[in-house]
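**Q** Next comes query-v1.cif, mmCIF, C-alpha atoms and all ligand atoms:
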```cif
data_structure
loop_
_atom_site.label_atom_id
_atom_site.label_comp_id
_atom_site.auth_asym_id
_atom_site.auth_seq_id
_atom_site.Cartn_x
_atom_site.Cartn_y
_atom_site.Cartn_z
CA MET N 1 -0.17 -23.18 -5.56
CA ALA N 2 0.32 -22.11 -1.99
CA ASN N 3 3.21 -24.41 -1.17
CA LEU N 4 6.04 -22.99 -3.25
CA PRO N 5 7.93 -20.14 -1.59
CA ALA N 6 7.74 -17.02 -3.73
CA HIS N 7 11.48 -16.61 -3.41
CA ALA N 8 12.37 -19.99 -4.83
CA SER N 9 13.81 -20.34 -8.26
CA PRO N 10 10.84 -21.95 -9.91
CA LYS N 11 12.64 -24.89 -11.44
CA LEU N 12 15.69 -25.62 -9.33
CA ALA N 13 16.90 -25.06 -5.83
CA PRO N 14 19.63 -22.39 -5.77
CA GLN N 15 22.96 -23.97 -6.51
CA GLN N 16 26.42 -22.89 -7.46
CA ALA N 17 27.28 -25.87 -9.61
CA PRO N 18 25.57 -28.40 -11.84
CA LEU N 19 24.20 -31.50 -10.22
CA PRO N 20 26.75 -34.34 -10.02
CA SER N 21 24.75 -36.31 -12.56
CA GLN N 22 25.05 -33.46 -15.02
CA LEU N 23 28.80 -33.21 -14.56
CA ASP N 24 29.20 -36.99 -14.86
CA GLY N 25 27.73 -36.85 -18.30
CA LEU N 26 30.16 -34.19 -19.32
CA HIS N 27 33.31 -35.85 -18.06
CA ASP N 28 32.43 -39.38 -19.12
CA ASN N 29 31.55 -38.47 -22.65
CA ALA N 30 34.21 -35.99 -23.49
CA SER N 31 34.76 -37.51 -26.89
CA GLN N 32 31.08 -37.63 -27.75
CA GLU N 33 29.66 -35.14 -30.19
CA SER N 34 28.00 -32.13 -28.68
CA GLY N 35 24.72 -32.59 -30.51
CA THR N 36 21.48 -31.45 -28.88
CA ALA N 37 19.04 -33.40 -30.96
CA THR N 38 17.32 -35.13 -28.07
CA GLY N 39 17.36 -32.03 -25.96
CA GLN N 40 17.44 -34.18 -22.82
CA GLN N 41 21.02 -33.99 -21.67
CA THR N 42 23.79 -31.47 -21.62
CA PRO N 43 26.03 -32.38 -24.53
CA ALA N 44 29.56 -33.54 -23.92
CA LEU N 45 32.15 -30.83 -24.14
CA PRO N 46 35.91 -30.91 -23.70
CA ASP N 47 37.12 -30.68 -20.13
CA SER N 48 38.67 -27.36 -21.01
CA LEU N 49 35.18 -25.88 -21.03
CA LEU N 50 34.79 -26.84 -17.42
CA SER N 51 37.88 -25.05 -16.25
CA PRO N 52 37.68 -22.84 -13.18
CA ALA N 53 37.70 -19.90 -15.54
CA PHE N 54 34.09 -20.72 -16.23
CA THR N 55 33.10 -20.44 -12.62
CA PRO N 56 31.09 -17.26 -12.45
CA PRO N 57 31.14 -14.72 -9.67
CA ALA N 58 28.15 -14.66 -7.38
CA THR N 59 24.94 -14.37 -9.33
CA PRO N 60 24.36 -10.65 -9.92
CA GLY N 61 21.70 -9.30 -7.64
CA GLY N 62 21.58 -12.54 -5.72
CA THR N 63 22.86 -10.95 -2.57
CA LEU N 64 21.20 -9.56 0.45
CA ASN N 65 21.56 -5.83 0.65
CA LEU N 66 21.46 -4.55 4.15
CA ASP N 67 22.88 -1.12 3.36
CA LEU N 68 19.71 0.84 3.07
CA ASN N 69 21.20 4.18 4.12
CA PRO N 70 20.49 6.02 0.86
CA THR N 71 16.85 6.33 1.75
CA GLN N 72 16.49 5.06 5.28
CA ILE N 73 12.85 4.62 4.57
CA LEU N 74 12.64 0.88 4.54
CA HIS N 75 11.72 -0.26 8.00
CA TYR N 76 12.80 -3.78 7.51
CA ASN N 77 12.68 -6.27 10.29
CA GLN N 78 15.73 -5.82 12.46
CA GLY N 79 14.88 -9.04 14.22
CA ALA N 80 15.21 -11.12 11.09
CA SER N 81 18.11 -13.49 11.04
CA LEU N 82 19.89 -11.66 8.27
CA GLN N 83 23.56 -11.16 8.96
CA LYS N 84 25.59 -8.41 7.35
CA SER N 85 28.74 -10.46 7.00
CA ALA N 86 29.44 -13.05 4.36
CA GLU N 87 26.05 -13.01 2.68
CA HIS N 88 27.28 -11.12 -0.36
CA THR N 89 28.74 -14.18 -2.01
CA LYS N 90 25.82 -16.49 -1.37
CA ALA N 91 22.72 -17.25 -3.35
CA PRO N 92 19.47 -15.66 -2.16
CA LYS N 93 17.96 -17.20 0.94
CA LEU N 94 14.60 -18.83 0.78
CA LEU N 95 12.90 -16.40 3.12
CA GLN N 96 9.67 -17.35 4.80
CA GLN N 97 8.35 -13.82 4.56
CA LEU N 98 8.10 -11.45 1.67
CA PRO N 99 10.79 -8.80 1.37
CA GLN N 100 9.87 -5.22 2.17
CA VAL N 101 9.47 -2.84 -0.71
CA GLU N 102 8.97 0.89 -0.97
CA CYS N 103 7.94 2.89 -4.02
CA VAL N 104 10.15 5.96 -3.83
CA VAL N 105 9.12 7.77 -7.00
CA ARG N 106 6.53 7.58 -9.76
CA ALA N 107 6.20 9.54 -12.98
CA ARG N 108 3.80 9.71 -15.92
CA ILE N 109 5.29 8.44 -19.16
CA PRO N 110 3.53 9.27 -22.41
CA THR N 111 4.49 6.44 -24.75
CA THR N 112 5.31 6.45 -28.43
CA ASN N 113 2.09 4.64 -29.31
CA GLY N 114 -0.12 7.19 -27.58
CA ALA N 115 -0.89 5.27 -24.41
CA GLU N 116 0.20 6.65 -21.05
CA MET N 117 1.65 4.74 -18.16
CA PHE N 118 3.03 5.51 -14.72
CA LEU N 119 6.51 4.24 -14.02
CA HIS N 120 7.01 3.32 -10.34
CA LEU N 121 10.53 2.86 -8.99
CA TYR N 122 10.96 0.58 -5.99
CA LEU N 123 13.68 0.00 -3.42
CA ASN N 124 13.73 -3.09 -1.24
CA ASP N 125 15.58 -4.85 1.55
CA LEU N 126 16.67 -7.87 -0.52
CA ASP N 127 18.99 -6.38 -3.14
CA ASN N 128 20.17 -2.97 -4.25
CA LYS N 129 18.49 -2.89 -7.63
CA GLU N 130 15.82 -0.47 -8.83
CA HIS N 131 12.92 -2.76 -9.68
CA LEU N 132 10.03 -1.17 -11.55
CA ALA N 133 6.27 -1.32 -11.82
CA ILE N 134 4.80 -0.07 -15.08
CA VAL N 135 1.20 0.83 -14.29
CA PHE N 136 -1.49 1.39 -16.92
CA GLY N 137 -4.70 3.15 -15.97
CA ASN N 138 -5.68 5.10 -12.86
CA ASN N 139 -6.96 2.25 -10.76
CA ILE N 140 -3.72 0.93 -9.38
CA ARG N 141 -1.88 2.97 -6.76
CA SER N 142 1.10 2.33 -4.53
CA ARG N 143 0.36 2.46 -0.82
CA SER N 144 3.96 3.13 0.12
CA LEU N 145 4.19 6.00 -2.35
CA ASP N 146 0.97 7.61 -1.12
CA ARG N 147 2.00 7.38 2.53
CA VAL N 148 2.78 10.79 4.01
CA ARG N 149 6.46 11.24 4.86
CA PRO N 150 7.32 13.23 7.98
CA GLY N 151 8.02 16.86 7.21
CA GLU N 152 7.35 16.75 3.50
CA THR N 153 5.70 19.61 1.66
CA GLU N 154 3.04 19.40 -1.01
CA MET N 155 5.73 20.15 -3.57
CA ASP N 156 7.83 17.25 -2.20
CA ARG N 157 4.88 14.93 -2.66
CA MET N 158 4.24 16.04 -6.21
CA ILE N 159 7.91 15.76 -7.15
CA ARG N 160 8.03 12.15 -5.97
CA GLY N 161 4.81 11.40 -7.82
CA ALA N 162 2.45 11.04 -4.86
CA TYR N 163 -0.40 13.01 -6.38
CA VAL N 164 -3.85 12.26 -7.74
CA GLY N 165 -4.96 13.21 -11.23
CA LYS N 166 -2.42 15.03 -13.39
CA LEU N 167 0.31 17.53 -12.75
CA HIS N 168 0.13 20.89 -14.49
CA PRO N 169 1.96 24.19 -14.13
CA GLY N 170 0.82 26.04 -11.03
CA ARG N 171 -0.67 23.07 -9.22
CA THR N 172 -0.26 23.40 -5.46
CA SER N 173 -1.98 20.38 -3.88
CA SER N 174 -0.98 16.77 -4.23
CA TRP N 175 -4.41 15.70 -2.99
CA ILE N 176 -6.67 17.82 -5.17
CA ASP N 177 -6.32 18.04 -8.92
CA ASP N 178 -8.15 21.35 -9.33
CA GLU N 179 -8.47 20.85 -13.06
CA LYS N 180 -10.34 17.60 -12.52
CA ALA N 181 -11.85 18.19 -9.07
CA GLU N 182 -10.51 14.79 -8.10
CA THR N 183 -9.94 14.47 -4.38
CA GLN N 184 -9.40 10.80 -3.80
CA PRO N 185 -7.11 8.23 -5.33
CA THR N 186 -9.12 6.13 -7.72
CA ALA N 187 -7.97 2.86 -6.22
CA ASN N 188 -10.43 0.00 -5.86
CA ARG N 189 -12.74 1.26 -8.58
CA ARG N 190 -11.76 -1.52 -10.92
CA VAL N 191 -14.47 -3.78 -12.14
CA GLU N 192 -12.50 -6.91 -12.88
CA PRO N 193 -9.18 -8.45 -11.87
CA PRO N 194 -6.26 -6.49 -13.27
CA LEU N 195 -3.92 -7.88 -15.87
CA VAL N 196 -0.46 -8.51 -14.46
CA ARG N 197 2.78 -9.37 -16.19
CA ILE N 198 5.94 -10.28 -14.27
CA HIS N 199 8.75 -9.49 -16.66
CA SER N 200 12.44 -10.18 -16.18
CA GLU N 201 14.90 -7.75 -17.71
CA CYS N 202 16.35 -8.73 -21.07
CA TYR N 203 18.68 -6.11 -22.53
CA THR N 204 19.30 -8.12 -25.66
CA GLY N 205 15.66 -8.86 -26.43
CA GLU N 206 14.20 -5.51 -25.42
CA THR N 207 16.88 -3.02 -26.44
CA ALA N 208 19.42 -4.70 -28.71
CA TRP N 209 16.87 -6.20 -31.14
CA SER N 210 17.86 -9.79 -30.35
CA ALA N 211 15.83 -12.46 -32.16
CA ARG N 212 17.15 -15.21 -29.92
CA CYS N 213 14.26 -14.85 -27.47
CA ASP N 214 10.68 -13.59 -27.29
CA CYS N 215 11.24 -11.15 -24.42
CA GLY N 216 10.81 -7.93 -26.43
CA GLU N 217 7.61 -9.13 -28.05
CA GLN N 218 6.20 -10.20 -24.69
CA LEU N 219 6.89 -6.82 -23.12
CA ASP N 220 5.27 -4.98 -26.04
CA GLU N 221 2.30 -7.31 -26.07
CA ALA N 222 1.70 -6.98 -22.34
CA ALA N 223 1.73 -3.19 -22.60
CA ARG N 224 -0.63 -3.30 -25.55
CA LEU N 225 -3.11 -5.55 -23.78
CA MET N 226 -3.11 -3.25 -20.77
CA SER N 227 -3.43 0.01 -22.63
CA PHE N 228 -6.07 -0.35 -25.26
CA PRO N 229 -9.75 -1.15 -25.34
CA VAL N 230 -10.67 -4.51 -26.78
CA GLU N 231 -11.82 -3.12 -30.12
CA ASP N 232 -8.29 -1.93 -30.83
CA LEU N 233 -6.81 -5.42 -30.59
CA ALA N 234 -5.06 -6.59 -33.72
CA SER N 235 -7.11 -9.02 -35.78
CA ASP N 236 -4.43 -11.69 -35.35
CA ALA N 237 -4.34 -11.35 -31.57
CA PRO N 238 -4.56 -14.76 -29.88
CA ALA N 239 -7.99 -16.05 -28.98
CA GLU N 240 -7.21 -15.79 -25.29
CA ALA N 241 -6.55 -12.08 -25.64
CA GLN N 242 -9.67 -11.58 -27.72
CA SER N 243 -11.73 -13.21 -25.02
CA LEU N 244 -10.48 -10.94 -22.25
CA LYS N 245 -13.40 -8.84 -21.12
CA SER N 246 -11.60 -5.54 -21.11
CA HIS N 247 -8.17 -4.23 -21.85
CA SER N 248 -8.81 -0.68 -20.85
CA ALA N 249 -9.12 -1.50 -17.15
CA GLY N 250 -5.36 -1.21 -17.04
CA GLY N 251 -2.83 -3.41 -15.43
CA VAL N 252 0.72 -3.61 -14.18
CA ILE N 253 3.98 -4.95 -15.53
CA ILE N 254 6.37 -5.74 -12.70
CA TYR N 255 9.77 -5.29 -14.32
CA LEU N 256 12.36 -7.18 -12.31
CA ARG N 257 16.06 -6.49 -12.81
CA GLN N 258 17.02 -10.12 -13.06
CA GLU N 259 18.69 -10.10 -16.44
CA GLY N 260 19.38 -13.41 -18.11
CA ARG N 261 17.05 -15.39 -15.86
CA GLY N 262 19.01 -14.01 -12.95
CA ILE N 263 22.58 -14.70 -14.08
CA GLY N 264 23.30 -11.20 -15.39
CA LEU N 265 24.08 -9.87 -18.85
CA GLY N 266 27.74 -10.89 -18.94
CA GLU N 267 26.96 -14.48 -18.12
CA LYS N 268 24.03 -14.51 -20.53
CA LEU N 269 26.33 -13.40 -23.34
CA LYS N 270 28.64 -16.31 -22.52
CA ALA N 271 25.57 -18.53 -22.62
CA TYR N 272 24.79 -17.20 -26.09
CA ASN N 273 28.25 -18.19 -27.25
CA LEU N 274 27.72 -21.66 -25.82
CA GLN N 275 24.42 -21.79 -27.69
CA ASP N 276 26.25 -20.99 -30.91
CA LEU N 277 28.57 -23.86 -29.98
CA GLY N 278 25.62 -26.27 -29.84
CA SER N 279 24.08 -26.08 -26.37
CA ASP N 280 20.50 -25.11 -25.76
CA THR N 281 19.51 -22.30 -23.40
CA VAL N 282 19.27 -24.58 -20.35
CA GLU N 283 22.45 -26.52 -21.06
CA ALA N 284 24.38 -23.28 -21.53
CA ASN N 285 23.40 -22.05 -18.07
CA LEU N 286 24.41 -25.35 -16.49
CA LEU N 287 27.74 -25.40 -18.29
CA LEU N 288 28.43 -21.98 -16.81
CA ARG N 289 27.59 -23.44 -13.39
CA HIS N 290 24.40 -21.46 -12.99
CA PRO N 291 20.97 -22.90 -12.33
CA ALA N 292 18.79 -23.20 -15.40
CA ASP N 293 16.73 -20.43 -13.84
CA ALA N 294 18.21 -18.31 -11.07
CA ARG N 295 15.25 -15.98 -10.65
CA SER N 296 13.02 -15.38 -7.66
CA TYR N 297 9.68 -13.64 -7.40
CA GLY N 298 9.25 -12.54 -3.79
CA LEU N 299 9.88 -8.94 -4.76
CA ALA N 300 7.19 -9.08 -7.42
CA THR N 301 4.69 -10.46 -4.93
CA ALA N 302 5.55 -7.73 -2.45
CA MET N 303 5.27 -5.03 -5.12
CA LEU N 304 1.88 -6.34 -6.22
CA GLN N 305 0.74 -6.22 -2.62
CA ASP N 306 1.94 -2.64 -2.32
CA LEU N 307 0.00 -1.78 -5.46
CA GLY N 308 -3.25 -3.07 -3.97
CA CYS N 309 -3.23 -6.21 -6.13
CA GLY N 310 -2.70 -8.57 -3.19
CA ALA N 311 -5.34 -10.79 -1.63
CA ASP N 312 -5.84 -8.35 1.26
CA ALA N 313 -7.15 -5.55 -0.99
CA ASN N 314 -8.04 -7.53 -4.08
CA PRO N 315 -9.76 -10.81 -3.20
CA ASP N 316 -10.82 -11.33 -6.81
CA GLY N 317 -7.19 -11.95 -7.75
CA VAL N 318 -5.23 -11.01 -10.84
CA ARG N 319 -4.98 -12.31 -14.40
CA LEU N 320 -1.36 -13.26 -14.98
CA LEU N 321 0.14 -13.00 -18.47
CA THR N 322 2.60 -15.87 -18.74
CA ASN N 323 3.35 -19.21 -20.33
CA ASN N 324 5.34 -20.31 -17.32
CA PRO N 325 3.26 -22.36 -14.84
CA ASP N 326 5.94 -22.19 -12.15
CA LYS N 327 5.74 -18.44 -12.22
CA VAL N 328 2.06 -18.65 -11.34
CA ARG N 329 2.83 -20.59 -8.18
CA ALA N 330 5.81 -18.45 -7.26
CA ILE N 331 4.01 -15.15 -7.64
CA GLU N 332 1.24 -16.14 -5.29
CA GLY N 333 3.74 -15.97 -2.45
CA PRO N 334 4.44 -18.18 0.56
CA ASN N 335 1.04 -17.47 2.11
CA ARG N 336 -0.94 -16.74 -1.04
CA GLU N 337 -0.45 -13.03 -0.61
CA VAL N 338 -1.53 -12.65 -4.25
CA LEU N 339 -4.27 -14.73 -5.89
CA VAL N 340 -3.85 -15.68 -9.53
CA LYS N 341 -7.39 -16.03 -10.75
CA GLU N 342 -6.48 -16.76 -14.33
CA ARG N 343 -3.38 -17.42 -16.44
CA VAL N 344 -3.46 -15.62 -19.76
CA PRO N 345 -1.07 -17.20 -22.29
CA MET N 346 1.41 -15.13 -24.26
CA ILE N 347 2.05 -17.21 -27.36
CA PRO N 348 4.73 -15.62 -29.56
CA LEU N 349 3.44 -14.56 -32.95
CA ALA N 350 6.10 -16.59 -34.75
CA TRP N 351 4.95 -19.73 -32.93
CA ARG N 352 1.28 -19.07 -33.64
CA THR N 353 1.85 -18.44 -37.33
CA GLY N 354 4.44 -21.15 -37.95
CA GLY N 355 7.17 -18.58 -38.52
CA GLU N 356 5.26 -16.53 -41.06
CA ARG N 357 5.00 -13.51 -38.80
CA GLY N 358 6.70 -12.21 -35.70
CA ILE N 359 10.33 -12.83 -34.75
CA LYS N 360 12.38 -14.08 -37.67
CA SER N 361 15.49 -16.03 -36.78
CA SER N 362 16.86 -19.53 -36.94
CA GLU N 363 17.33 -19.44 -33.15
CA ILE N 364 13.84 -18.62 -31.89
CA GLU N 365 12.16 -21.95 -32.61
CA GLY N 366 14.82 -23.96 -30.79
CA TYR N 367 14.68 -21.51 -27.89
CA LEU N 368 10.91 -21.90 -27.57
CA ARG N 369 11.07 -25.69 -27.97
CA THR N 370 13.59 -25.89 -25.13
CA LYS N 371 11.34 -23.77 -22.94
CA ILE N 372 8.53 -26.25 -23.57
CA SER N 373 10.55 -29.43 -23.17
CA LYS N 374 12.85 -28.44 -20.32
CA MET N 375 11.16 -25.55 -18.52
CA GLY N 376 7.55 -26.63 -18.71
CA HIS N 377 6.33 -23.60 -20.65
CA MET N 378 2.90 -23.92 -22.17
CA LEU N 379 2.75 -22.68 -25.75
CA GLN N 380 -0.16 -24.76 -26.96
N1 LIG D 401 20.39 -17.29 -19.22
C1 LIG D 401 19.62 -16.97 -20.26
N2 LIG D 401 18.63 -16.10 -20.08
C2 LIG D 401 17.85 -15.81 -21.14
C3 LIG D 401 18.05 -16.36 -22.41
N3 LIG D 401 17.11 -15.86 -23.24
C4 LIG D 401 16.36 -15.02 -22.51
N4 LIG D 401 16.80 -14.98 -21.24
C5 LIG D 401 16.27 -14.27 -20.09
O1 LIG D 401 15.07 -14.89 -19.72
C6 LIG D 401 14.25 -13.97 -19.05
C7 LIG D 401 12.86 -14.09 -19.65
O2 LIG D 401 12.40 -15.37 -19.38
P1 LIG D 401 11.36 -16.17 -20.23
O3 LIG D 401 11.71 -17.59 -20.02
O4 LIG D 401 11.26 -15.64 -21.62
O5 LIG D 401 10.01 -15.88 -19.67
P2 LIG D 401 9.39 -16.32 -18.36
O6 LIG D 401 9.43 -15.03 -17.65
O7 LIG D 401 9.99 -17.45 -17.64
O8 LIG D 401 7.98 -16.84 -18.82
P3 LIG D 401 6.86 -16.03 -19.52
O9 LIG D 401 6.13 -15.33 -18.42
O10 LIG D 401 6.03 -17.00 -20.22
O11 LIG D 401 7.51 -15.06 -20.45
C8 LIG D 401 14.92 -12.61 -19.21
O12 LIG D 401 15.59 -12.30 -18.00
C9 LIG D 401 15.92 -12.84 -20.33
O13 LIG D 401 17.07 -12.01 -20.20
C10 LIG D 401 19.11 -17.29 -22.57
O14 LIG D 401 19.34 -17.86 -23.64
N5 LIG D 401 19.86 -17.56 -21.47
#
```
In structure tokens, write the structure found in this file.
**A**
Amino acid sequence: MANLPAHASPKLAPQQAPLPSQLDGLHDNASQESGTATGQQTPALPDSLLSPAFTPPATPGGTLNLDLNPTQILHYNQGASLQKSAEHTKAPKLLQQLPQVECVVRARIPTTNGAEMFLHLYLNDLDNKEHLAIVFGNNIRSRSLDRVRPGETEMDRMIRGAYVGKLHPGRTSSWIDDEKAETQPTANRRVEPPLVRIHSECYTGETAWSARCDCGEQLDEAARLMSFPVEDLASDAPAEAQSLKSHSAGGVIIYLRQEGRGIGLGEKLKAYNLQDLGSDTVEANLLLRHPADARSYGLATAMLQDLGCGADANPDGVRLLTNNPDKVRAIEGPNREVLVKERVPMIPLAWRTGGERGIKSSEIEGYLRTKISKMGHMLQ
């Protein structure tokens, strides 16, 4: 697992266009029907679909952001060979080192189901997006957030979330929660490896009720597993979840802003239209001249390290909630900065129950089948 750079798209090297072999199939078989029964090859489509109009702009977020002036708190390596010039139109570089990340603010979020979590907002030196860490429990703390900033007051620290315990009216110290007499961060008190979920943004599945994918269910399920003690698990929870020793130890969802497997919402919506025209989720990306998966995970690895979940502070590793084996390798980082001790499957309810429960749509089964056959996902 150590060999794959954390920044690599797990399935394909970054590319701006389909492989020649994929394009050959399209041009040579223009008259062929666009059926997807075998699921092995991009179906033939009229040449008109391959017009330059389909060439997307640079993958959203896939640019190096060297304009860090808004905070000036990221001390990224000036010696690195990153140039400020034409990088903005290129795909992300396969860096040998993890990007630098900084948690700039954290806040307590009481959730609608009664559980509480702490939302951590990160900046970084790779892109200009606000990536998030959703932390459950009191055992996981950000080192960069806790670090003392020159000249800051106690009120400054509390406003940016660098406090222990809970805020309450009249509190004056970020270090001492006088209502709890807690003086130290509770980091490193955990008894077993934390649960971790690396989640990529999906507006359609998480906010717009889309039943094309399982993203919304996965986000909810990850939060549920991290927030409640084992006895509160639903009776139909998968066996793997039932066998987890504890769910109340907390965990972290790294929420990466790489919508649509990294191609952005606009391009994903085009991909949906191509899916309605007969392509599967992988073929649609390729027809739009995107990689099947344009994501990278270096930021997630760096955020986990900052949260004390890396190998340096947490040699027992983490338990990663995923069905995607490539994600396991990628998240460990170029030098195994994070150890994945265990992969915990996230089998969608609809798949487990043969469509009786969970997401109801004619699209979801094909979507999951394609993830198994073309992206190596493990749903068994
Ligand atoms: N391009 C594209 N992206 C999609 C589509 N459906 C979902 N996504 C995106 O896929 C990402 C989620 O990826 P998944 O493949 O479900 O999950 P994964 O993260 O690889 O694997 P798991 O950890 O097992 O969930 C999100 O960014 C979604 O927006 C689609 O049809 N096309």
**Q** Using all atoms listed in the file, find the one residue out of N:Leu304, N:Ala162, N:Leu167, N:Ile134 that sits nearest to N:Arg336.
**A**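 Of all the options, N:Leu304 lies closest to N:Arg336.
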**Q** Write out, as CSV, each residue of chain N that has an atom at most 8 Å from ligand LIG 401 (chain D), together with the closest pair of atoms and their distance in Å to one decimal, counting all atoms listed in the file, rows going by chain and rising number.
**A**
```
residue,atom,partner,partner_atom,distance
N:Arg197,CA,D:LIG401,O9,7.2
N:Ile198,CA,D:LIG401,O9,6.5
N:His199,CA,D:LIG401,O6,5.7
N:Ser200,CA,D:LIG401,O12,4.2
N:Glu201,CA,D:LIG401,O12,4.6
N:Cys202,CA,D:LIG401,O13,3.5
N:Tyr203,CA,D:LIG401,O13,6.5
N:Thr204,CA,D:LIG401,O13,7.1
N:Gly205,CA,D:LIG401,O13,7.1
N:Arg212,CA,D:LIG401,N3,6.7
N:Cys213,CA,D:LIG401,N3,5.2
N:Asp214,CA,D:LIG401,O4,6.1
N:Cys215,CA,D:LIG401,O4,5.3
N:Gln218,CA,D:LIG401,O11,6.6
N:Arg257,CA,D:LIG401,O12,7.8
N:Gln258,CA,D:LIG401,O12,5.6
N:Glu259,CA,D:LIG401,O12,4.1
N:Gly260,CA,D:LIG401,O13,3.4
N:Arg261,CA,D:LIG401,O12,4.0
N:Gly262,CA,D:LIG401,O12,6.3
N:Ile263,CA,D:LIG401,N1,6.2
N:Gly264,CA,D:LIG401,N1,7.8
N:Leu265,CA,D:LIG401,O13,7.5
N:Glu267,CA,D:LIG401,N1,7.2
N:Lys268,CA,D:LIG401,N1,4.8
N:Leu269,CA,D:LIG401,N5,7.9
N:Ala271,CA,D:LIG401,N5,5.9
N:Tyr272,CA,D:LIG401,O14,6.0
N:Gln275,CA,D:LIG401,O14,7.6
N:Asp280,CA,D:LIG401,O14,7.6
N:Thr281,CA,D:LIG401,O14,4.4
N:Val282,CA,D:LIG401,N5,7.1
N:Ala284,CA,D:LIG401,N5,7.3
N:Asn285,CA,D:LIG401,N1,5.7
N:Ala292,CA,D:LIG401,N1,7.2
N:Asp293,CA,D:LIG401,N1,7.2
N:Leu321,CA,D:LIG401,O9,6.4
N:Thr322,CA,D:LIG401,O9,3.6
N:Asn323,CA,D:LIG401,O10,3.5
N:Asn324,CA,D:LIG401,O10,4.5
N:Lys327,CA,D:LIG401,O9,6.9
N:Pro345,CA,D:LIG401,O10,7.4
N:Met346,CA,D:LIG401,O10,6.4
N:Tyr367,CA,D:LIG401,O14,7.3
N:Lys371,CA,D:LIG401,O3,6.8
N:His377,CA,D:LIG401,O10,6.6
N:Met378,CA,D:LIG401,O10,7.8
```
**Q** Atoms to include: C-alpha atoms. Write the selected residues as a PDB file, in the frame of the given file.
**A**
```
ATOM      1  CA  ARG N 197       2.780  -9.370 -16.190  1.00  0.00           C
ATOM      2  CA  ILE N 198       5.940 -10.280 -14.270  1.00  0.00           C
ATOM      3  CA  HIS N 199       8.750  -9.490 -16.660  1.00  0.00           C
ATOM      4  CA  SER N 200      12.440 -10.180 -16.180  1.00  0.00           C
ATOM      5  CA  GLU N 201      14.900  -7.750 -17.710  1.00  0.00           C
ATOM      6  CA  CYS N 202      16.350  -8.730 -21.070  1.00  0.00           C
ATOM      7  CA  TYR N 203      18.680  -6.110 -22.530  1.00  0.00           C
ATOM      8  CA  THR N 204      19.300  -8.120 -25.660  1.00  0.00           C
ATOM      9  CA  GLY N 205      15.660  -8.860 -26.430  1.00  0.00           C
ATOM     10  CA  ARG N 212      17.150 -15.210 -29.920  1.00  0.00           C
ATOM     11  CA  CYS N 213      14.260 -14.850 -27.470  1.00  0.00           C
ATOM     12  CA  ASP N 214      10.680 -13.590 -27.290  1.00  0.00           C
ATOM     13  CA  CYS N 215      11.240 -11.150 -24.420  1.00  0.00           C
ATOM     14  CA  GLN N 218       6.200 -10.200 -24.690  1.00  0.00           C
ATOM     15  CA  ARG N 257      16.060  -6.490 -12.810  1.00  0.00           C
ATOM     16  CA  GLN N 258      17.020 -10.120 -13.060  1.00  0.00           C
ATOM     17  CA  GLU N 259      18.690 -10.100 -16.440  1.00  0.00           C
ATOM     18  CA  GLY N 260      19.380 -13.410 -18.110  1.00  0.00           C
ATOM     19  CA  ARG N 261      17.050 -15.390 -15.860  1.00  0.00           C
ATOM     20  CA  GLY N 262      19.010 -14.010 -12.950  1.00  0.00           C
ATOM     21  CA  ILE N 263      22.580 -14.700 -14.080  1.00  0.00           C
ATOM     22  CA  GLY N 264      23.300 -11.200 -15.390  1.00  0.00           C
ATOM     23  CA  LEU N 265      24.080  -9.870 -18.850  1.00  0.00           C
ATOM     24  CA  GLU N 267      26.960 -14.480 -18.120  1.00  0.00           C
ATOM     25  CA  LYS N 268      24.030 -14.510 -20.530  1.00  0.00           C
ATOM     26  CA  LEU N 269      26.330 -13.400 -23.340  1.00  0.00           C
ATOM     27  CA  ALA N 271      25.570 -18.530 -22.620  1.00  0.00           C
ATOM     28  CA  TYR N 272      24.790 -17.200 -26.090  1.00  0.00           C
ATOM     29  CA  GLN N 275      24.420 -21.790 -27.690  1.00  0.00           C
ATOM     30  CA  ASP N 280      20.500 -25.110 -25.760  1.00  0.00           C
ATOM     31  CA  THR N 281      19.510 -22.300 -23.400  1.00  0.00           C
ATOM     32  CA  VAL N 282      19.270 -24.580 -20.350  1.00  0.00           C
ATOM     33  CA  ALA N 284      24.380 -23.280 -21.530  1.00  0.00           C
ATOM     34  CA  ASN N 285      23.400 -22.050 -18.070  1.00  0.00           C
ATOM     35  CA  ALA N 292      18.790 -23.200 -15.400  1.00  0.00           C
ATOM     36  CA  ASP N 293      16.730 -20.430 -13.840  1.00  0.00           C
ATOM     37  CA  LEU N 321       0.140 -13.000 -18.470  1.00  0.00           C
ATOM     38  CA  THR N 322       2.600 -15.870 -18.740  1.00  0.00           C
ATOM     39  CA  ASN N 323       3.350 -19.210 -20.330  1.00  0.00           C
ATOM     40  CA  ASN N 324       5.340 -20.310 -17.320  1.00  0.00           C
ATOM     41  CA  LYS N 327       5.740 -18.440 -12.220  1.00  0.00           C
ATOM     42  CA  PRO N 345      -1.070 -17.200 -22.290  1.00  0.00           C
ATOM     43  CA  MET N 346       1.410 -15.130 -24.260  1.00  0.00           C
ATOM     44  CA  TYR N 367      14.680 -21.510 -27.890  1.00  0.00           C
ATOM     45  CA  LYS N 371      11.340 -23.770 -22.940  1.00  0.00           C
ATOM     46  CA  HIS N 377       6.330 -23.600 -20.650  1.00  0.00           C
ATOM     47  CA  MET N 378       2.900 -23.920 -22.170  1.00  0.00           C
TER      48      MET N 378
END
```
**Q** Can you tell me, as a PyMOL selection string, what residues are no more than 9 Å from N:Leu121 when counting all atoms listed in the file, ignoring any on the same chain fewer than 2 positions away?
**A** chain N and resi 102-107+119+123+130-134
